[in-house]
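To start, the structure itself, in structure tokens.
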Amino acid sequence: MVCNCLTQLTRDVKRIENCGMHVDLIKTSKGTVRVGSMPDVSKFLTHHGFREEIVVVPDWEGSMAGDNRTGEEFVLWRAQVKGGIQKKYVGLPADVMHMQNSLDETFSFFFDPSRISIIKKRWLKKWFHGQPATPVYANGSLKITVAGGNIILSDCGRVLYDQLELKQVQSPDFQVEDVLAGVVRDSLPRQTLEVKVVGAGNGFVGTVTNCIVRFGTQVIWVDPCGYPAHTLARQGVHWDDITHIIVTHNHEDHIQGFSACLKRAEFARTPLNLITAPSIFGLLKKQFTPLCPGFDTLVNFIALVPGISLETGAVRIDSRWNHHFLPYGTLGFKISAGGKTFGFSGDTKLDETINGIVNREELLPEWFAGCHLVFHEVDFDNPGSVHTHWKQVEKLQQVISGQVLGYHAPFLENGPLPLVQEGKTYYLE
């Protein structure tokens with residue numbers, strides 16, 4: 001299994017590979033050009049010290065490891081939050097427009113300065129400069145040709161990159177099957193509510209937060225992360241043991257494995273049991289139907305309506321609308337089974353001052369009062385951020401008897417609050 005590996009393909013071309021997927025980076029007179037994307041690409045580029053000026057948007061392709069467009073949202077978030085340069089996005093007009101429209105559904109929304117209302121920002125116009133290739137994009141001596149399923153870069157009359165010549169022969173799907181062959185299946189029913197942490201990070205650091213909740217024969221994966229077969233395998237979980245998926249909202253760090261799950265459903269001819277709110281489902285369908293035209297046959301949609309309990313097998317799920325910056329809504333939930341309850345905040349701005357204005361009872365800490373374990377997002381540094389400051393999470397712990405653990409923050413061994421531990425299984429006995 002190749003993970004986050006940088007290789008030199010030619011004098012001018014380097015490749016970052018991860019779990020069967022890759023992006024190519026070409027040195028040109030106009031700076032570095034990146035071809036394609038992949039989940040967590042922003043982290044890989046930062047790790048290897050790349051700063052690309054131009055991004056080539058290829059035809060949208062998906063595999064059971066992921067797709068070649070997911071990843072771009074956090075390239076833009078990194079630029080907006082941590083500073084960056086404005087990039088030119090080059091490709092066939094339909095491809096550039098699709099990527100731009102998809103990003104506009106998520107990246108463009110944010111809180112107002114008081115963190116009360118959701119507003120649409122002009123960030124996409126600032127960071128995403130679409131440059132159609134029809135079929136050639138020219139920038140001085142640099143020419144990028146996108147035609148016939150191929151991408152060719154030439155500079156000063158010399159061909160630097162021909163995608164078809166350098167393309168991997170083996171599909172990422174073959175590596176997925178190899179990975180799955182090495183993982184033991186586990187269909188043993190659980191008599192105790194069990195929560196396994198697959199990741200506890202965020203879009204900038206670590207494996208994005210996601211976990212698996214088991215009870216009876218239900219195996220519920222919350223917010224599928226990138227490279228599902230590989231990432232689950234590292235925690236001893238077989239991808240095909242998953243029975244249900246919960247999606248809390250449409251930000252990329254919570255759905256970066258969704259396209260891979262669709263492709264797995266397509267391959268296995270077994271629809272996903274997807275649990276989410278109707279508005280979140282509607283955007284997922286809009287976003288991913290162009291990649292998977294059979295979307296409706298690949299997804300068994302199970303509506304999770306805030307304020308109304310959902311029963312699935314021996315498991316009950318209660319949900320709420322969070323205070324977060326997507327107009328389609330973001331979910332927090334509680335899963336109850338076997339006399340125990342696990343709470344998951346989802347992304348939300350828990351803040352007593354803000355809630356005094358919005359006046360929503362379900363956002364009070366007491367909503368988790370009956371939980372025996374709560375995973376809650378936390379920000380250690382900035383009380384005014386869009387996420388929950390640790391002082392507010394500390395107050396949450398004071399009003400519930402169960403254990404509260406933070407996620408979405410870099411791990412601090414001696415931090416002010418205990419954090420979710422990646423790889424650990426929590427048993428609610």
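Just remember, in the structure tokens the first chain shown is A, the second B, etc., residues are 1-based per chain, and ligands are 1-based in the order shown.
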Produce a table with one row for each residue of region 125-216 of chain A that has an atom at most 12 Å from any atom of region 258-264 of chain A, each row naming the nearest atom pair and its distance in Å at one decimal; use only C-alpha atoms; arrange rows by chain and rising residue number; format as JSON lines.
```
{"residue": "A:Pro172", "atom": "CA", "partner": "A:Ala260", "partner_atom": "CA", "distance": 10.6}
{"residue": "A:Asp173", "atom": "CA", "partner": "A:Arg264", "partner_atom": "CA", "distance": 9.2}
{"residue": "A:Val176", "atom": "CA", "partner": "A:Arg264", "partner_atom": "CA", "distance": 9.8}
{"residue": "A:Glu177", "atom": "CA", "partner": "A:Arg264", "partner_atom": "CA", "distance": 10.5}
{"residue": "A:Leu180", "atom": "CA", "partner": "A:Arg264", "partner_atom": "CA", "distance": 11.9}
```
Would you mind exporting the chosen residues as a tab-separated table (two decimals), in the first residue's frame, restricted to C-alpha atoms?
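The result, written out as again21.tsv:
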```
chain	number	residue	atom	x	y	z
A	172	PRO	CA	-7.13	2.06	-7.60
A	173	ASP	CA	-9.93	-0.51	-7.40
A	176	VAL	CA	-8.87	-1.77	-2.70
A	177	GLU	CA	-9.59	-5.43	-3.30
A	180	LEU	CA	-9.97	-5.89	1.80
```
If you run DSSP over the backbone, which residues in region 198-232 of chain A end up strand (DSSP E or B)? Put them as number ranges by chain.
-> A: 198-199, 201, 208, 210-216, 218-222
From a DSSP pass on the backbone, collect the residues of region 173-278 of chain A flagged as alpha helix (DSSP H) and hand them back as an MDAnalysis selection string.
-> chainID A and resid 173:181 228:234 252:255 258:268 278
Could you save those same residues with N, CA and C atoms as a tab-separated table (two decimals), in the first residue's frame?
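Final output, out.tsv:
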```tsv
chain	number	residue	atom	x	y	z
A	173	ASP	N	-9.02	0.54	-7.86
A	173	ASP	CA	-9.93	-0.51	-7.40
A	173	ASP	C	-9.21	-1.82	-7.11
A	174	PHE	N	-8.17	-2.12	-7.87
A	174	PHE	CA	-7.44	-3.36	-7.63
A	174	PHE	C	-6.77	-3.32	-6.25
A	175	GLN	N	-6.22	-2.18	-5.89
A	175	GLN	CA	-5.58	-2.06	-4.59
A	175	GLN	C	-6.60	-2.18	-3.47
A	176	VAL	N	-7.80	-1.65	-3.69
A	176	VAL	CA	-8.87	-1.77	-2.70
A	176	VAL	C	-9.17	-3.23	-2.43
A	177	GLU	N	-9.29	-4.00	-3.48
A	177	GLU	CA	-9.59	-5.43	-3.30
A	177	GLU	C	-8.47	-6.15	-2.56
A	178	ASP	N	-7.23	-5.78	-2.85
A	178	ASP	CA	-6.09	-6.37	-2.12
A	178	ASP	C	-6.15	-6.02	-0.64
A	179	VAL	N	-6.48	-4.78	-0.33
A	179	VAL	CA	-6.58	-4.36	1.07
A	179	VAL	C	-7.68	-5.12	1.79
A	180	LEU	N	-8.84	-5.21	1.16
A	180	LEU	CA	-9.97	-5.89	1.80
A	180	LEU	C	-9.69	-7.37	2.02
A	181	ALA	N	-8.91	-7.97	1.14
A	181	ALA	CA	-8.58	-9.39	1.30
A	181	ALA	C	-7.77	-9.65	2.56
A	228	PRO	N	-11.78	4.79	2.02
A	228	PRO	CA	-12.46	3.98	3.03
A	228	PRO	C	-11.84	2.61	3.29
A	229	ALA	N	-11.52	1.86	2.24
A	229	ALA	CA	-10.97	0.51	2.46
A	229	ALA	C	-9.68	0.57	3.25
A	230	HIS	N	-8.79	1.47	2.87
A	230	HIS	CA	-7.48	1.57	3.50
A	230	HIS	C	-7.57	2.12	4.93
A	231	THR	N	-8.38	3.18	5.10
A	231	THR	CA	-8.44	3.83	6.41
A	231	THR	C	-9.14	2.94	7.43
A	232	LEU	N	-10.22	2.30	7.03
A	232	LEU	CA	-10.89	1.37	7.94
A	232	LEU	C	-10.00	0.17	8.26
A	233	ALA	N	-9.27	-0.31	7.25
A	233	ALA	CA	-8.41	-1.47	7.47
A	233	ALA	C	-7.35	-1.20	8.52
A	234	ARG	N	-6.85	0.05	8.58
A	234	ARG	CA	-5.85	0.38	9.59
A	234	ARG	C	-6.40	0.21	11.01
A	252	GLU	N	-16.65	19.10	3.04
A	252	GLU	CA	-15.80	18.04	2.48
A	252	GLU	C	-15.17	17.15	3.54
A	253	ASP	N	-14.79	17.72	4.69
A	253	ASP	CA	-14.15	16.89	5.71
A	253	ASP	C	-15.12	15.94	6.38
A	254	HIS	N	-16.40	15.97	5.97
A	254	HIS	CA	-17.39	15.03	6.51
A	254	HIS	C	-17.95	14.10	5.43
A	255	ILE	N	-17.60	14.34	4.18
A	255	ILE	CA	-18.11	13.48	3.09
A	255	ILE	C	-17.00	13.08	2.13
A	258	PHE	N	-17.42	9.78	0.42
A	258	PHE	CA	-18.76	9.43	-0.07
A	258	PHE	C	-18.72	8.92	-1.50
A	259	SER	N	-17.92	9.54	-2.37
A	259	SER	CA	-17.87	9.06	-3.75
A	259	SER	C	-17.33	7.64	-3.82
A	260	ALA	N	-16.34	7.32	-2.98
A	260	ALA	CA	-15.81	5.96	-2.94
A	260	ALA	C	-16.89	4.98	-2.49
A	261	CYS	N	-17.71	5.39	-1.52
A	261	CYS	CA	-18.80	4.53	-1.05
A	261	CYS	C	-19.82	4.28	-2.16
A	262	LEU	N	-20.09	5.31	-2.95
A	262	LEU	CA	-20.99	5.13	-4.09
A	262	LEU	C	-20.42	4.12	-5.09
A	263	LYS	N	-19.12	4.25	-5.36
A	263	LYS	CA	-18.49	3.33	-6.30
A	263	LYS	C	-18.45	1.90	-5.76
A	264	ARG	N	-18.30	1.77	-4.44
A	264	ARG	CA	-18.35	0.43	-3.84
A	264	ARG	C	-19.75	-0.17	-3.97
A	265	ALA	N	-20.76	0.67	-3.77
A	265	ALA	CA	-22.14	0.20	-3.94
A	265	ALA	C	-22.40	-0.23	-5.38
A	266	GLU	N	-21.85	0.53	-6.30
A	266	GLU	CA	-21.97	0.21	-7.73
A	266	GLU	C	-21.30	-1.12	-8.03
A	267	PHE	N	-20.10	-1.32	-7.48
A	267	PHE	CA	-19.35	-2.55	-7.70
A	267	PHE	C	-20.04	-3.76	-7.07
A	268	ALA	N	-20.49	-3.60	-5.83
A	268	ALA	CA	-21.08	-4.71	-5.08
A	268	ALA	C	-22.55	-4.93	-5.41
A	278	PRO	N	-33.25	15.19	4.92
A	278	PRO	CA	-33.62	15.34	3.50
A	278	PRO	C	-32.87	16.44	2.78
```
Write out as a list in words each polymer residue whose atoms come within 7 Å of Gly66 (chain A), counting only C-alpha atoms; drop sequence neighbours fewer than 4 positions from it.
-> Met38, Pro39, Gly62, Gly226, Tyr227, Gly257, Ser259 and Ala260 of chain A
Next, dump the selected residues to file, keeping only C-alpha atoms, as a CSV table (one decimal), in the first residue's frame.
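Saved as again-v5.csv:
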```csv
chain,number,residue,atom,x,y,z
A,38,MET,CA,-7.8,13.6,-4.4
A,39,PRO,CA,-9.1,13.5,-0.8
A,62,GLY,CA,-14.3,8.0,-9.5
A,226,GLY,CA,-11.3,9.4,2.4
A,227,TYR,CA,-9.9,6.1,1.2
A,257,GLY,CA,-15.2,9.2,1.3
A,259,SER,CA,-17.9,9.1,-3.8
A,260,ALA,CA,-15.8,6.0,-2.9
```
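The protein and nucleic acid residues lying at most 6 Å from Val57 (chain A) are Gly36, Val90 and Gly91 of chain A, with only C-alpha atoms considered and sequence neighbours fewer than 5 positions away removed.
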Requested write-out: C-alpha atoms of the selected residues, as a PDB file, in the first residue's frame:
```pdb
ATOM      1  CA  GLY A  36      -6.197  16.583 -10.637  1.00  0.00           C
ATOM      2  CA  VAL A  90      -7.868  25.188 -16.186  1.00  0.00           C
ATOM      3  CA  GLY A  91      -9.953  22.605 -18.017  1.00  0.00           C
TER       4      GLY A  91
END
```
Please provide the set of residues having any atom within 10 Å of Asp155 (chain A), restricted to only C-alpha atoms, with same-chain residues fewer than 4 positions apart removed, written as an MDAnalysis selection string.
-> chainID A and resid 27:30 138:144 159:161
Residues just named, written with N, CA and C atoms as a PDB file, in the first residue's frame:
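Final output, selection_14.pdb:
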```
ATOM      1  N   LYS A  27       6.726  21.367 -13.091  1.00  0.00           N
ATOM      2  CA  LYS A  27       7.451  22.631 -12.967  1.00  0.00           C
ATOM      3  C   LYS A  27       7.457  23.323 -14.314  1.00  0.00           C
ATOM      4  N   THR A  28       6.936  24.572 -14.359  1.00  0.00           N
ATOM      5  CA  THR A  28       6.852  25.316 -15.611  1.00  0.00           C
ATOM      6  C   THR A  28       7.367  26.747 -15.402  1.00  0.00           C
ATOM      7  N   SER A  29       7.435  27.485 -16.485  1.00  0.00           N
ATOM      8  CA  SER A  29       7.871  28.877 -16.393  1.00  0.00           C
ATOM      9  C   SER A  29       6.846  29.760 -15.695  1.00  0.00           C
ATOM     10  N   LYS A  30       5.623  29.264 -15.536  1.00  0.00           N
ATOM     11  CA  LYS A  30       4.560  30.000 -14.859  1.00  0.00           C
ATOM     12  C   LYS A  30       4.280  29.450 -13.467  1.00  0.00           C
ATOM     13  N   ALA A 138      -3.568  29.091 -22.937  1.00  0.00           N
ATOM     14  CA  ALA A 138      -2.231  29.622 -23.172  1.00  0.00           C
ATOM     15  C   ALA A 138      -1.929  30.717 -22.159  1.00  0.00           C
ATOM     16  N   ASN A 139      -0.732  30.647 -21.607  1.00  0.00           N
ATOM     17  CA  ASN A 139      -0.257  31.659 -20.657  1.00  0.00           C
ATOM     18  C   ASN A 139       1.203  31.919 -20.999  1.00  0.00           C
ATOM     19  N   GLY A 140       1.422  32.883 -21.885  1.00  0.00           N
ATOM     20  CA  GLY A 140       2.776  33.110 -22.380  1.00  0.00           C
ATOM     21  C   GLY A 140       3.261  31.884 -23.133  1.00  0.00           C
ATOM     22  N   SER A 141       4.432  31.375 -22.737  1.00  0.00           N
ATOM     23  CA  SER A 141       5.006  30.212 -23.423  1.00  0.00           C
ATOM     24  C   SER A 141       4.381  28.897 -22.967  1.00  0.00           C
ATOM     25  N   LEU A 142       3.593  28.944 -21.879  1.00  0.00           N
ATOM     26  CA  LEU A 142       2.959  27.727 -21.362  1.00  0.00           C
ATOM     27  C   LEU A 142       1.647  27.473 -22.081  1.00  0.00           C
ATOM     28  N   LYS A 143       1.491  26.236 -22.573  1.00  0.00           N
ATOM     29  CA  LYS A 143       0.246  25.842 -23.210  1.00  0.00           C
ATOM     30  C   LYS A 143      -0.240  24.535 -22.579  1.00  0.00           C
ATOM     31  N   ILE A 144      -1.529  24.523 -22.234  1.00  0.00           N
ATOM     32  CA  ILE A 144      -2.157  23.329 -21.655  1.00  0.00           C
ATOM     33  C   ILE A 144      -3.288  22.925 -22.581  1.00  0.00           C
ATOM     34  N   VAL A 159       7.400  19.643 -24.821  1.00  0.00           N
ATOM     35  CA  VAL A 159       6.357  18.936 -24.076  1.00  0.00           C
ATOM     36  C   VAL A 159       6.921  18.507 -22.723  1.00  0.00           C
ATOM     37  N   LEU A 160       6.287  18.994 -21.652  1.00  0.00           N
ATOM     38  CA  LEU A 160       6.712  18.636 -20.295  1.00  0.00           C
ATOM     39  C   LEU A 160       5.893  17.493 -19.714  1.00  0.00           C
ATOM     40  N   TYR A 161       4.654  17.369 -20.192  1.00  0.00           N
ATOM     41  CA  TYR A 161       3.740  16.415 -19.547  1.00  0.00           C
ATOM     42  C   TYR A 161       2.727  15.914 -20.552  1.00  0.00           C
TER      43      TYR A 161
END
```
Contacts of Cys211 (chain A) within 9 Å, only C-alpha atoms, excl. fewer than 6 positions in-chain, as a list in words | Val195, Lys196, Val197, Val198, Gly199, Ala200, Ile220, Trp221, Val222, Asp223 and Pro224 of chain A
Within 12 Å of Gly282 (chain A), counting only C-alpha atoms, which residues qualify if same-chain residues fewer than 5 places away don't, as number ranges by chain?
-> A: 105, 249-250, 276-277, 287-289, 295-296, 299, 301, 303, 328-329
Write to file, as a compact mmCIF listing (two decimals), in the first residue's frame, the residues of the selection just made, with C-alpha atoms.
```txt
# COMPACT_ATOMS: atom_id res chain seq x y z
CA GLU A 105 -22.64 25.03 -2.68
CA HIS A 249 -23.42 17.70 6.72
CA ASN A 250 -21.97 18.47 3.31
CA THR A 276 -29.26 11.91 6.93
CA ALA A 277 -31.65 14.84 6.74
CA GLN A 287 -23.33 16.94 -6.15
CA PHE A 288 -22.66 13.29 -7.00
CA THR A 289 -25.23 12.30 -9.64
CA PHE A 295 -27.37 7.57 -7.81
CA ASP A 296 -30.97 6.69 -6.96
CA VAL A 299 -28.56 4.83 -2.22
CA PHE A 301 -32.18 6.97 1.73
CA ALA A 303 -34.63 10.24 6.44
CA TYR A 328 -28.81 22.95 4.13
CA GLY A 329 -28.33 22.30 7.85
```
Selected residue, from A:Lys424, A:Lys126, A:Lys88, A:His376, that lies nearest to His408 (chain A) when counting only C-alpha atoms | A:His376
Which of these, A:Asn382, A:Cys19, A:Thr425, A:Lys14, has the shortest distance to Val2 (chain A) once you count only C-alpha atoms?
->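 Counting only C-alpha atoms, the residue closest to Val2 (chain A) is A:Cys19.
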